[in-house]
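Colleague: My file is model-v1.cif. It has mmCIF, C-alpha atoms:
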```cif
data_upload
loop_
_atom_site.label_atom_id
_atom_site.label_comp_id
_atom_site.auth_asym_id
_atom_site.auth_seq_id
_atom_site.Cartn_x
_atom_site.Cartn_y
_atom_site.Cartn_z
CA MET A 1 76.81 153.00 68.37
CA SER A 2 76.61 149.26 68.21
CA PRO A 3 80.06 148.09 67.27
CA VAL A 4 80.46 145.86 64.26
CA PHE A 5 83.36 143.53 64.26
CA ASP A 6 85.37 143.40 61.13
CA LYS A 7 89.10 143.78 60.96
CA SER A 8 89.12 145.59 57.66
CA GLY A 9 87.61 148.74 59.05
CA ALA A 10 84.95 151.17 58.00
CA GLY A 11 84.13 149.88 54.52
CA ALA A 12 83.41 146.38 55.72
CA GLU A 13 81.58 147.86 58.68
CA LEU A 14 79.25 149.76 56.36
CA ARG A 15 78.60 146.74 54.17
CA SER A 16 77.87 144.71 57.25
CA LEU A 17 75.42 147.30 58.50
CA GLN A 18 73.68 147.30 55.15
CA ARG A 19 73.46 143.53 55.19
CA ARG A 20 71.98 143.60 58.64
CA GLY A 21 69.55 146.26 57.47
CA LEU A 22 68.41 144.09 54.58
CA ILE A 23 67.90 141.06 56.78
CA ARG A 24 66.01 143.06 59.35
CA ARG A 25 63.91 144.76 56.71
CA SER A 26 62.78 141.46 55.31
CA LEU A 27 61.96 140.08 58.75
CA SER A 28 60.23 143.08 60.19
CA LEU A 29 56.58 142.79 61.15
CA GLY A 30 56.18 146.41 60.28
CA SER A 31 56.99 146.07 56.61
CA LEU A 32 53.46 144.68 56.54
CA ALA A 33 51.75 146.93 59.04
CA LEU A 34 53.64 150.12 59.64
CA LEU A 35 56.17 150.51 56.83
CA THR A 36 58.93 149.58 59.20
CA GLY A 37 61.06 148.43 56.32
CA CYS A 38 62.12 152.05 56.17
CA ASP A 39 65.38 152.30 58.07
CA LEU A 40 66.91 155.42 56.45
CA ASN A 41 68.88 153.39 53.91
CA SER A 42 66.20 152.75 51.35
CA HIS A 43 65.09 155.29 48.79
CA SER A 44 61.42 155.17 49.69
CA GLY A 45 59.22 158.20 50.29
CA VAL A 46 58.89 157.25 53.94
CA ASP A 47 62.65 157.33 54.38
CA ALA A 48 62.70 160.73 52.66
CA ALA A 49 60.10 161.92 55.18
CA LEU A 50 62.18 160.54 58.07
CA TRP A 51 65.27 162.37 56.78
CA ALA A 52 63.21 165.57 56.48
CA MET A 53 62.09 165.13 60.10
CA LEU A 54 65.73 164.63 61.16
CA ARG A 55 66.58 167.99 59.57
CA PHE A 56 63.52 169.57 61.21
CA ASN A 57 64.64 168.21 64.59
CA ASP A 58 68.11 169.71 63.94
CA ARG A 59 66.50 173.15 63.75
CA VAL A 60 64.31 172.59 66.83
CA GLN A 61 67.34 171.52 68.86
CA ALA A 62 69.43 174.49 67.70
CA ALA A 63 66.59 176.76 68.85
CA LEU A 64 66.45 175.01 72.25
CA PHE A 65 70.22 175.29 72.73
CA SER A 66 71.58 177.94 75.05
CA ARG A 67 75.31 178.68 75.14
CA ASN A 68 75.04 179.66 78.82
CA ARG A 69 73.29 176.48 79.98
CA LEU A 70 75.88 174.15 81.44
CA ALA A 71 75.72 170.38 81.62
CA GLU A 72 75.51 169.19 85.20
CA THR A 73 78.91 168.57 86.83
CA TYR A 74 79.52 165.91 89.46
CA PRO A 75 81.91 165.27 92.35
CA ALA A 76 84.88 162.99 91.67
CA SER A 77 83.16 160.31 93.78
CA ALA A 78 80.44 160.00 91.10
CA ILE A 79 82.88 158.96 88.35
CA THR A 80 81.93 155.64 86.74
CA THR A 81 84.57 152.92 87.14
CA PRO A 82 85.41 151.02 85.13
CA PHE A 83 84.58 153.37 82.28
CA ARG A 84 82.99 151.67 79.30
CA PHE A 85 84.93 151.61 76.02
CA ASN A 86 82.88 152.53 72.98
CA ALA A 87 83.70 153.04 69.31
CA TYR A 88 82.51 151.76 65.94
CA TYR A 89 85.03 148.93 66.42
CA GLN A 90 86.10 146.80 69.34
CA ILE A 91 88.78 147.64 71.84
CA TRP A 92 91.40 145.28 70.34
CA GLN A 93 91.17 147.27 67.09
CA VAL A 94 92.25 150.53 68.72
CA ARG A 95 94.97 152.24 66.64
CA PRO A 96 98.15 153.50 68.30
CA VAL A 97 98.99 157.17 67.78
CA PRO A 98 100.86 157.50 64.45
CA ASP A 99 104.51 158.54 64.52
CA ASN A 100 105.01 162.28 64.10
CA TRP A 101 101.34 162.88 64.86
CA HIS A 102 100.16 166.46 64.74
CA LEU A 103 96.73 168.07 64.76
CA SER A 104 96.09 169.95 61.54
CA VAL A 105 93.64 172.81 61.21
CA ALA A 106 91.91 173.74 57.98
CA GLY A 107 89.14 175.79 56.45
CA LEU A 108 88.11 179.25 57.60
CA VAL A 109 91.03 179.88 59.95
CA SER A 110 93.88 182.39 59.67
CA ASP A 111 96.62 180.33 61.35
CA LYS A 112 96.89 176.87 59.79
CA ALA A 113 100.07 175.81 61.56
CA PRO A 114 99.74 172.23 62.84
CA TRP A 115 99.64 171.56 66.59
CA THR A 116 101.66 169.15 68.72
CA VAL A 117 100.49 167.88 72.11
CA GLU A 118 103.12 170.06 73.77
CA ARG A 119 101.78 173.20 72.10
CA LEU A 120 98.22 172.26 73.09
CA ARG A 121 99.33 171.78 76.71
CA GLY A 122 100.77 175.28 76.57
CA LEU A 123 97.26 176.75 76.18
CA PRO A 124 94.95 177.44 79.17
CA GLN A 125 93.37 174.18 80.38
CA ALA A 126 89.95 173.34 81.88
CA ALA A 127 88.72 170.20 83.65
CA GLN A 128 85.23 168.73 83.97
CA VAL A 129 83.39 165.79 85.53
CA THR A 130 80.33 165.35 83.33
CA ARG A 131 77.87 162.73 82.11
CA HIS A 132 78.58 161.03 78.80
CA ILE A 133 75.23 159.97 77.32
CA CYS A 134 75.33 157.41 74.54
CA ILE A 135 72.73 157.42 71.76
CA GLU A 136 72.04 153.80 72.80
CA GLY A 137 70.66 155.11 76.10
CA TRP A 138 73.35 154.19 78.64
CA SER A 139 75.35 156.90 80.34
CA GLN A 140 78.40 157.21 82.56
CA ILE A 141 80.26 159.94 84.38
CA GLY A 142 83.86 160.68 83.49
CA GLN A 143 86.56 163.24 84.05
CA TRP A 144 88.33 165.05 81.24
CA ALA A 145 90.70 168.01 81.01
CA GLY A 146 92.09 169.97 78.09
CA VAL A 147 91.84 173.10 76.00
CA PRO A 148 88.42 174.77 75.75
CA LEU A 149 87.52 174.62 72.06
CA HIS A 150 86.34 178.25 72.05
CA SER A 151 89.78 179.49 73.14
CA PHE A 152 91.47 177.19 70.61
CA LEU A 153 89.23 178.45 67.79
CA LYS A 154 89.99 182.07 68.76
CA ARG A 155 93.69 181.26 68.96
CA ILE A 156 93.81 179.90 65.40
CA GLY A 157 91.80 182.86 64.11
CA ALA A 158 88.76 180.82 63.14
CA ASP A 159 85.78 182.52 61.53
CA LEU A 160 83.40 182.25 64.51
CA THR A 161 80.44 183.10 62.29
CA ALA A 162 81.00 179.94 60.22
CA ARG A 163 78.34 177.25 60.57
CA TYR A 164 80.28 174.05 61.24
CA VAL A 165 83.35 172.68 62.94
CA ALA A 166 84.34 169.31 61.48
CA PHE A 167 86.60 166.66 63.00
CA THR A 168 88.42 163.79 61.33
CA CYS A 169 90.22 161.06 63.21
CA PHE A 170 93.08 158.73 62.36
CA ASP A 171 90.89 155.72 63.21
CA GLY A 172 88.64 156.46 60.24
CA TYR A 173 85.96 158.21 62.27
CA SER A 174 84.57 161.68 61.58
CA THR A 175 81.90 163.99 62.94
CA SER A 176 80.86 167.64 62.93
CA ILE A 177 79.10 170.12 65.20
CA ASP A 178 77.44 173.51 64.93
CA MET A 179 79.50 176.60 65.78
CA ALA A 180 77.27 177.58 68.75
CA SER A 181 77.92 174.22 70.44
CA ALA A 182 81.63 174.43 69.52
CA LEU A 183 81.83 177.70 71.44
CA HIS A 184 80.03 176.29 74.51
CA PRO A 185 82.25 176.74 77.60
CA GLN A 186 82.24 172.98 78.39
CA THR A 187 83.30 171.89 74.89
CA ILE A 188 86.98 170.98 75.18
CA LEU A 189 89.80 169.38 73.25
CA ALA A 190 90.59 166.83 75.94
CA LEU A 191 94.19 165.78 76.58
CA ASP A 192 93.61 164.04 79.92
CA PHE A 193 91.15 161.39 81.03
CA GLU A 194 90.85 160.70 84.76
CA ARG A 195 93.85 162.93 85.56
CA ALA A 196 96.26 161.14 83.22
CA PRO A 197 97.19 161.80 79.58
CA LEU A 198 94.78 160.06 77.18
CA THR A 199 95.70 156.53 76.18
CA PRO A 200 94.74 155.30 72.67
CA GLU A 201 91.48 153.62 73.71
CA TRP A 202 90.27 156.85 75.32
CA GLY A 203 91.19 158.96 72.32
CA ALA A 204 94.93 159.73 72.47
CA PRO A 205 96.51 162.09 71.88
CA VAL A 206 93.58 164.52 71.78
CA ARG A 207 89.84 164.04 71.55
CA LEU A 208 86.75 166.21 71.52
CA ARG A 209 84.70 166.18 74.72
CA ILE A 210 81.31 167.87 74.31
CA PRO A 211 78.85 167.19 77.15
CA VAL A 212 76.01 169.13 75.46
CA LYS A 213 75.80 166.45 72.77
CA LEU A 214 75.37 162.67 72.64
CA GLY A 215 78.52 160.61 73.13
CA PHE A 216 79.19 159.79 69.49
CA LYS A 217 79.89 163.49 68.88
CA SER A 218 82.88 163.37 71.25
CA ALA A 219 85.29 162.12 68.57
CA LYS A 220 88.45 160.35 69.71
CA ASN A 221 91.94 160.15 68.16
CA LEU A 222 91.67 163.50 66.37
CA GLN A 223 93.66 164.14 63.21
CA SER A 224 92.26 167.42 61.92
CA ILE A 225 89.82 170.20 62.73
CA SER A 226 88.16 172.19 59.99
CA VAL A 227 85.95 175.29 60.13
CA THR A 228 83.49 175.43 57.27
CA ASN A 229 80.15 176.60 55.96
CA THR A 230 79.65 173.41 53.96
CA TYR A 231 77.74 170.66 55.81
CA PRO A 232 80.42 168.09 56.68
CA GLY A 233 78.24 165.21 57.94
CA GLY A 234 80.02 162.43 59.78
CA PHE A 235 80.55 158.68 60.09
CA TRP A 236 77.27 157.93 61.88
CA GLU A 237 75.39 161.03 60.75
CA ASN A 238 75.67 159.93 57.11
CA GLN A 239 73.95 156.66 58.04
CA GLY A 240 71.05 158.27 59.86
CA TYR A 241 72.04 159.30 63.35
CA ASN A 242 70.55 162.72 63.97
CA TRP A 243 73.23 165.28 63.04
CA TYR A 244 72.58 167.82 65.81
CA SER A 245 72.18 165.21 68.59
CA GLY A 246 72.14 167.74 71.39
CA VAL A 247 71.17 166.77 74.92
CA MET B 1 41.85 161.88 66.51
CA HIS B 2 41.65 158.48 68.18
CA TRP B 3 43.07 156.65 65.16
CA ILE B 4 45.90 159.13 64.55
CA GLY B 5 46.75 158.66 68.22
CA VAL B 6 46.69 154.87 67.81
CA TYR B 7 49.13 155.10 64.89
CA ALA B 8 51.42 157.52 66.77
CA ILE B 9 51.42 155.42 69.98
CA PHE B 10 52.17 152.23 68.04
CA CYS B 11 55.04 153.97 66.22
CA MET B 12 56.38 155.23 69.56
CA ILE B 13 56.14 151.84 71.29
CA PHE B 14 57.61 149.73 68.47
CA SER B 15 60.45 152.16 67.71
CA GLY B 16 61.00 152.54 71.46
CA TRP B 17 61.51 148.77 71.71
CA GLU B 18 64.27 148.95 69.09
CA ILE B 19 65.91 151.81 71.03
CA TYR B 20 65.60 149.81 74.27
CA ASP B 21 67.25 146.82 72.58
CA ALA B 22 70.36 148.93 71.80
CA SER B 23 71.13 149.04 75.51
CA PRO B 24 68.63 146.97 77.51
CA SER B 25 68.34 148.01 81.14
CA LEU B 26 66.43 144.83 82.04
CA PRO B 27 67.43 141.22 81.28
CA PHE B 28 65.31 140.82 78.16
CA LEU B 29 65.12 142.05 74.57
CA PHE B 30 62.12 142.86 72.45
CA PRO B 31 62.02 140.58 69.41
CA GLN B 32 63.35 142.20 66.25
CA TRP B 33 60.18 141.41 64.28
CA ALA B 34 58.14 143.54 66.69
CA THR B 35 60.30 146.64 66.37
CA LEU B 36 60.18 149.64 64.10
CA GLY B 37 63.09 151.31 62.30
CA GLY B 38 65.33 148.35 61.41
CA TRP B 39 68.27 149.56 63.50
CA LEU B 40 69.02 152.16 66.15
CA ALA B 41 69.24 155.20 63.84
CA GLY B 42 66.04 154.26 62.02
CA ALA B 43 64.24 153.65 65.31
CA ILE B 44 65.28 157.01 66.74
CA ALA B 45 64.28 158.73 63.52
CA TRP B 46 60.83 157.10 63.77
CA HIS B 47 60.57 157.86 67.49
CA LEU B 48 61.39 161.55 67.12
CA ALA B 49 59.17 161.93 64.04
CA ALA B 50 56.12 160.16 65.55
CA MET B 51 56.75 162.28 68.64
CA TRP B 52 55.48 165.32 66.73
CA LEU B 53 52.41 163.45 65.47
CA LEU B 54 51.59 162.34 69.03
CA PHE B 55 52.24 165.86 70.28
CA LEU B 56 49.92 167.53 67.75
CA ASP B 57 47.23 164.85 68.13
CA GLY B 58 47.47 165.11 71.91
CA ILE B 59 47.15 168.91 71.89
CA ALA B 60 44.12 168.67 69.60
CA TYR B 61 42.54 165.97 71.77
CA LEU B 62 43.14 167.84 75.04
CA ALA B 63 41.77 171.07 73.54
CA TYR B 64 38.70 169.22 72.26
CA GLY B 65 38.23 167.40 75.56
CA ILE B 66 38.31 170.59 77.58
CA MET B 67 36.27 172.79 75.25
CA SER B 68 33.57 170.28 74.38
CA GLY B 69 33.09 169.31 78.01
CA HIS B 70 34.01 165.70 77.17
CA PHE B 71 36.48 165.47 80.07
CA ARG B 72 34.10 167.05 82.61
CA ARG B 73 31.10 165.01 81.45
CA ASP B 74 32.66 161.62 80.72
CA LEU B 75 36.00 161.40 82.45
CA ALA B 76 35.43 162.90 85.90
CA PRO B 77 37.22 160.61 88.38
CA PRO B 78 34.63 158.16 89.73
CA ALA B 79 33.90 157.82 93.42
CA LEU B 80 35.73 154.88 94.95
CA SER B 81 32.45 153.12 95.78
CA ALA B 82 31.20 153.48 92.20
CA PHE B 83 34.48 152.13 90.88
CA GLY B 84 34.37 149.20 93.29
CA ALA B 85 30.80 148.36 92.31
CA ASP B 86 31.49 148.64 88.56
CA LEU B 87 34.74 146.68 88.83
CA GLY B 88 32.90 143.90 90.68
CA ARG B 89 30.29 143.75 87.93
CA ALA B 90 32.96 143.91 85.22
CA LEU B 91 34.89 140.99 86.71
CA ARG B 92 31.69 138.93 86.79
CA PHE B 93 31.02 140.03 83.18
CA ARG B 94 27.79 141.68 84.35
CA LEU B 95 28.72 145.29 83.66
CA PRO B 96 26.27 146.71 81.14
CA HIS B 97 28.07 148.59 78.37
CA ARG B 98 26.22 151.54 76.90
CA LEU B 99 27.72 153.46 74.00
CA GLY B 100 28.24 157.13 74.72
CA TYR B 101 28.42 156.56 78.46
CA TYR B 102 31.56 155.67 80.39
CA ASN B 103 31.15 153.48 83.47
CA ALA B 104 33.43 153.94 86.48
CA VAL B 105 35.99 151.34 85.31
CA GLN B 106 36.22 152.98 81.90
CA ARG B 107 36.54 156.44 83.44
CA LEU B 108 39.46 155.37 85.56
CA LEU B 109 41.17 153.47 82.73
CA TYR B 110 40.81 156.29 80.19
CA LEU B 111 41.80 158.99 82.65
CA GLY B 112 44.73 156.85 83.72
CA VAL B 113 46.02 156.28 80.20
CA ILE B 114 45.74 159.98 79.34
CA LEU B 115 47.82 160.89 82.39
CA THR B 116 50.26 158.06 81.65
CA ILE B 117 50.78 159.28 78.08
CA LEU B 118 51.31 162.84 79.35
CA LEU B 119 53.95 161.55 81.78
CA ALA B 120 55.54 159.43 79.05
CA VAL B 121 55.86 162.53 76.86
CA ALA B 122 57.34 164.53 79.77
CA THR B 123 59.89 161.84 80.69
CA GLY B 124 60.67 161.36 77.00
CA LEU B 125 61.45 165.06 76.61
CA SER B 126 63.55 164.93 79.77
CA ILE B 127 65.79 162.15 78.41
CA TRP B 128 65.95 163.74 74.94
CA LYS B 129 67.15 167.05 76.42
CA PRO B 130 68.62 166.38 79.89
CA VAL B 131 70.84 169.48 79.63
CA GLN B 132 68.58 172.02 77.89
CA LEU B 133 65.50 170.82 79.86
CA TYR B 134 67.54 170.12 83.01
CA TRP B 135 64.63 171.16 85.27
CA LEU B 136 62.38 168.51 83.71
CA SER B 137 65.08 165.88 83.92
CA GLY B 138 65.72 166.92 87.57
CA LEU B 139 62.01 166.58 88.31
CA PHE B 140 62.20 162.89 87.33
CA GLY B 141 65.38 162.25 89.31
CA GLY B 142 68.00 162.83 86.59
CA TYR B 143 68.73 161.16 83.26
CA PRO B 144 69.15 157.47 84.27
CA VAL B 145 66.08 157.46 86.54
CA ALA B 146 63.94 159.34 84.02
CA ARG B 147 64.93 156.73 81.41
CA GLY B 148 63.70 153.97 83.72
CA ILE B 149 60.41 155.78 84.38
CA HIS B 150 59.95 156.30 80.63
CA LEU B 151 60.27 152.52 80.12
CA ALA B 152 57.84 151.76 82.97
CA LEU B 153 55.25 154.17 81.51
CA MET B 154 55.57 152.40 78.14
CA GLY B 155 54.74 149.18 79.98
CA MET B 156 51.62 150.73 81.52
CA ILE B 157 50.47 152.06 78.14
CA ALA B 158 51.05 148.63 76.56
CA ILE B 159 48.99 146.97 79.35
CA PHE B 160 46.21 149.50 78.77
CA VAL B 161 46.24 148.75 75.04
CA VAL B 162 45.89 145.01 75.70
CA ILE B 163 42.99 145.47 78.19
CA HIS B 164 41.34 148.00 75.89
CA VAL B 165 41.54 145.75 72.83
CA VAL B 166 40.27 142.71 74.79
CA LEU B 167 37.30 144.71 76.02
CA VAL B 168 36.54 145.94 72.51
CA ALA B 169 36.70 142.33 71.32
CA ILE B 170 34.12 141.41 73.98
CA TYR B 171 31.88 144.30 72.92
CA PRO B 172 32.50 144.47 69.16
CA ARG B 173 29.68 146.95 68.53
CA THR B 174 31.83 149.59 70.26
CA LEU B 175 34.35 149.20 67.45
CA LEU B 176 31.68 149.95 64.86
CA SER B 177 30.82 153.18 66.61
CA MET B 178 34.51 154.12 66.83
CA VAL B 179 34.90 153.56 63.10
CA SER B 180 31.67 155.27 62.09
CA GLY B 181 32.16 158.05 64.62
CA THR B 182 28.68 157.82 66.18
CA ALA B 183 28.92 157.93 69.94
CA SER B 184 25.41 157.23 71.22
CA GLU B 185 23.26 154.17 71.02
CA THR B 186 19.71 154.50 69.77
CA GLY B 187 17.12 153.25 72.15
CA SER B 188 19.42 152.98 75.15
#
```
Please express the file's structure as structure tokens.

Modeller:
Amino acid sequence: MSPVFDKSGAGAELRSLQRRGLIRRSLSLGSLALLTGCDLNSHSGVDAALWAMLRFNDRVQAALFSRNRLAETYPASAITTPFRFNAYYQIWQVRPVPDNWHLSVAGLVSDKAPWTVERLRGLPQAAQVTRHICIEGWSQIGQWAGVPLHSFLKRIGADLTARYVAFTCFDGYSTSIDMASALHPQTILALDFERAPLTPEWGAPVRLRIPVKLGFKSAKNLQSISVTNTYPGGFWENQGYNWYSGV
Amino acid sequence: MHWIGVYAIFCMIFSGWEIYDASPSLPFLFPQWATLGGWLAGAIAWHLAAMWLLFLDGIAYLAYGIMSGHFRRDLAPPALSAFGADLGRALRFRLPHRLGYYNAVQRLLYLGVILTILLAVATGLSIWKPVQLYWLSGLFGGYPVARGIHLALMGMIAIFVVIHVVLVAIYPRTLLSMVSGTASETGS
């Protein structure tokens, strides 16, 4: 999740990543010795093989996953302070919550009425102190509270046999998870961070918090949730981060 | 099997360096030209693809080593006195090297690197799946500690590779036998 620093948002970010990729490809020792030029953005056979292995690893991880296995929880004294900000942009580019924000729901659900923060707070809440593990390798312990996603999905009459739950965010981000992980008891739509309502940099007004997956799956600044059988991909997943990314 | 393992280990180390560089836990970076994958996603894709190659090659090697008697015959841990004597000779460059026979220094080095790779695989799995394989991650002291051990084991494997390659360079005929696949030396 290395942030790239361009004011004009995701498009420029992608172009910048591709530029970096090209420069690195041309400099890499491995393009001579080990085919290291393959970085998932070329159309070579090796990249095709790497993508196939990513899909294979998705299936292995789904088989390893158990809905009853909980991520370790910690005492409040273990919480990391200060908590590290992370996004695909830098902290000064954080977007404020849009006026008249509401969370929309779409796809295979029976009740598509949009949700306000007040309505979400009216649902049963759960709190957790868990480890957030970034794909980059660092990790930190934080505290979140909000609506368990499984009770939210039941409340909106979602088809719980569907394959994917997809999230889009008003900061241009997106991600998606498998239904089994969406129904995990520790997967929540967080409204609070460290006992206070979320502020924009921590994902206001509502974010996903899913401790059974790598940090980039815990999308901030949610705009919509969609239940679907069509593979939705995501901002990083489309560039080569492993889609399942379970821990 | 040896050469598949070499390819898999090199893929693991060079892609691992790129992953390390994404969030270095020590005050240095591996140079970009020595890494594999181009960027973090590519490196992880390589790491978790080569993982399977290393896994399959390792299973095949361990099965062969046990069933053929190779481990019992050639890799039994040497007595301390034998190791001391052979190490003394090796450091004075007076250790005779016979193909098809492992002296005490070689026994300890090869046994050590096999165990180190096994531990590297175990710690790697524990930081890939710290929730699903929580018992493995707990065995290594939890996610952040296991990540540190995984890095240290990489360092030990890299040191082994350097020593191993230097020794092969000193005794180049061993390389010929590794390429041709003949283990014993005629007339020795």

Colleague: Could you tell me which residues the PyMOL selection byres ((chain B) within 8 of (chain A)) returns for this structure, as a PyMOL selection string?

Modeller: chain B and resi 11+19-20+22-23+32-46+48-49+127-132+144+147

Colleague: Can you pull out every residue within 9 Å of Ala104 (chain B), counting all atoms listed in the file, but drop anything in the same chain fewer than 4 positions away, and send it as a list in words?

Modeller: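 The residues that qualify are Leu75, Pro77, Pro78, Ala79, Leu80, Ala82, Phe83, Gly84, Ala85, Asp86, Leu87, Leu108 and Leu109 of chain B.
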
Colleague: Write the residues of the preceding selection, restricted to C-alpha atoms, as an mmCIF file, in the frame of the given file.

Modeller:
```cif
data_model
loop_
_atom_site.group_PDB
_atom_site.id
_atom_site.type_symbol
_atom_site.label_atom_id
_atom_site.label_comp_id
_atom_site.auth_asym_id
_atom_site.auth_seq_id
_atom_site.Cartn_x
_atom_site.Cartn_y
_atom_site.Cartn_z
ATOM 1 C CA LEU B 75 36.000 161.400 82.450
ATOM 2 C CA PRO B 77 37.220 160.610 88.380
ATOM 3 C CA PRO B 78 34.630 158.160 89.730
ATOM 4 C CA ALA B 79 33.900 157.820 93.420
ATOM 5 C CA LEU B 80 35.730 154.880 94.950
ATOM 6 C CA ALA B 82 31.200 153.480 92.200
ATOM 7 C CA PHE B 83 34.480 152.130 90.880
ATOM 8 C CA GLY B 84 34.370 149.200 93.290
ATOM 9 C CA ALA B 85 30.800 148.360 92.310
ATOM 10 C CA ASP B 86 31.490 148.640 88.560
ATOM 11 C CA LEU B 87 34.740 146.680 88.830
ATOM 12 C CA LEU B 108 39.460 155.370 85.560
ATOM 13 C CA LEU B 109 41.170 153.470 82.730
#
```

Colleague: From the set A:Gln143, A:His43, A:Asn100, A:Val94, which residue has the shortest atom-to-atom contact distance to Tyr74 (chain A), counting only C-alpha atoms?

Modeller: A:Gln143

Colleague: Between CA of Tyr143 (chain B) and CA of Ile4 (chain B), what is the spacing in Å?

Modeller: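 Distance between the two atoms: 29.6 Å.
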
Colleague: Mind telling me what the PyMOL selection byres ((chain B and resi 30) around 7) catches here, as a VMD selection string?

Modeller: chain B and resid 17 21 28 to 29 31 to 32

Colleague: Counting all atoms listed in the file, I want the residues whose atoms come within 12 Å of (41.2, 155.8, 68.1) in the file frame, returned as a PDB file with C-alpha atoms, keeping the file's coordinate frame.

Modeller:
```
ATOM      1  CA  MET B   1      41.850 161.880  66.510  1.00  0.00           C
ATOM      2  CA  HIS B   2      41.650 158.480  68.180  1.00  0.00           C
ATOM      3  CA  TRP B   3      43.070 156.650  65.160  1.00  0.00           C
ATOM      4  CA  ILE B   4      45.900 159.130  64.550  1.00  0.00           C
ATOM      5  CA  GLY B   5      46.750 158.660  68.220  1.00  0.00           C
ATOM      6  CA  VAL B   6      46.690 154.870  67.810  1.00  0.00           C
ATOM      7  CA  TYR B   7      49.130 155.100  64.890  1.00  0.00           C
ATOM      8  CA  ALA B   8      51.420 157.520  66.770  1.00  0.00           C
ATOM      9  CA  ILE B   9      51.420 155.420  69.980  1.00  0.00           C
ATOM     10  CA  PHE B  10      52.170 152.230  68.040  1.00  0.00           C
ATOM     11  CA  ASP B  57      47.230 164.850  68.130  1.00  0.00           C
ATOM     12  CA  GLY B  58      47.470 165.110  71.910  1.00  0.00           C
ATOM     13  CA  TYR B  61      42.540 165.970  71.770  1.00  0.00           C
ATOM     14  CA  VAL B 161      46.240 148.750  75.040  1.00  0.00           C
ATOM     15  CA  HIS B 164      41.340 148.000  75.890  1.00  0.00           C
ATOM     16  CA  VAL B 165      41.540 145.750  72.830  1.00  0.00           C
ATOM     17  CA  VAL B 168      36.540 145.940  72.510  1.00  0.00           C
ATOM     18  CA  THR B 174      31.830 149.590  70.260  1.00  0.00           C
ATOM     19  CA  LEU B 175      34.350 149.200  67.450  1.00  0.00           C
ATOM     20  CA  LEU B 176      31.680 149.950  64.860  1.00  0.00           C
ATOM     21  CA  SER B 177      30.820 153.180  66.610  1.00  0.00           C
ATOM     22  CA  MET B 178      34.510 154.120  66.830  1.00  0.00           C
ATOM     23  CA  VAL B 179      34.900 153.560  63.100  1.00  0.00           C
ATOM     24  CA  SER B 180      31.670 155.270  62.090  1.00  0.00           C
ATOM     25  CA  GLY B 181      32.160 158.050  64.620  1.00  0.00           C
TER      26      GLY B 181
END
```

Colleague: Mind pulling up the distance from CA of Gly142 (chain A) to CA of Ser137 (chain B)?

Modeller: 19.5 Å

Colleague: What does the distance from CA of Val227 (chain A) to CA of Gly107 (chain A) come to in Å, to one decimal?

Modeller: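 These two atoms are separated by 4.9 Å.
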
Colleague: Need the shell around Leu103 (chain A): protein/DNA/RNA residues with any atom at most 10 Å away, counting all atoms listed in the file. Skip same-chain ones fewer than 3 positions apart. Format as a list in words?

Modeller: Ala113, Pro114, Trp115, Thr116, Val117, Leu120, Thr168, Cys169, Pro205, Val206, Asn221, Leu222, Gln223, Ser224 and Ile225 of chain A

Colleague: Please determine, counting all atoms listed in the file, which residue among A:Gln125, A:Gln93, A:Ser110, A:Thr130 has the shortest atom-to-atom distance to Leu191 (chain A).

Modeller: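 Closest to Leu191 (chain A) of all the choices is A:Gln125.
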
Colleague: Counting all atoms listed in the file, what is within 10 Å of region 155-167 of chain A, bar same-chain residues fewer than 4 positions away, as a VMD selection string?

Modeller: chain A and resid 105 to 113 123 149 to 151 173 to 183 207 to 208 217 to 234

Colleague: Please return region 132-139 of chain B, rebuilt to N, CA and C atoms, as a tab-separated table (two decimals), in the coordinates of the input.

Modeller:
```
chain	number	residue	atom	x	y	z
B	132	GLN	N	69.39	170.83	78.19
B	132	GLN	CA	68.58	172.02	77.89
B	132	GLN	C	67.32	172.04	78.75
B	133	LEU	N	66.70	170.90	79.00
B	133	LEU	CA	65.50	170.82	79.86
B	133	LEU	C	65.90	170.19	81.20
B	134	TYR	N	66.99	170.71	81.78
B	134	TYR	CA	67.54	170.12	83.01
B	134	TYR	C	66.52	170.09	84.15
B	135	TRP	N	65.63	171.10	84.19
B	135	TRP	CA	64.63	171.16	85.27
B	135	TRP	C	63.64	169.99	85.16
B	136	LEU	N	63.31	169.63	83.92
B	136	LEU	CA	62.38	168.51	83.71
B	136	LEU	C	63.06	167.20	84.06
B	137	SER	N	64.32	167.08	83.62
B	137	SER	CA	65.08	165.88	83.92
B	137	SER	C	65.30	165.76	85.44
B	138	GLY	N	65.55	166.91	86.10
B	138	GLY	CA	65.72	166.92	87.57
B	138	GLY	C	64.44	166.50	88.29
B	139	LEU	N	63.31	166.93	87.72
B	139	LEU	CA	62.01	166.58	88.31
B	139	LEU	C	61.82	165.06	88.36
```
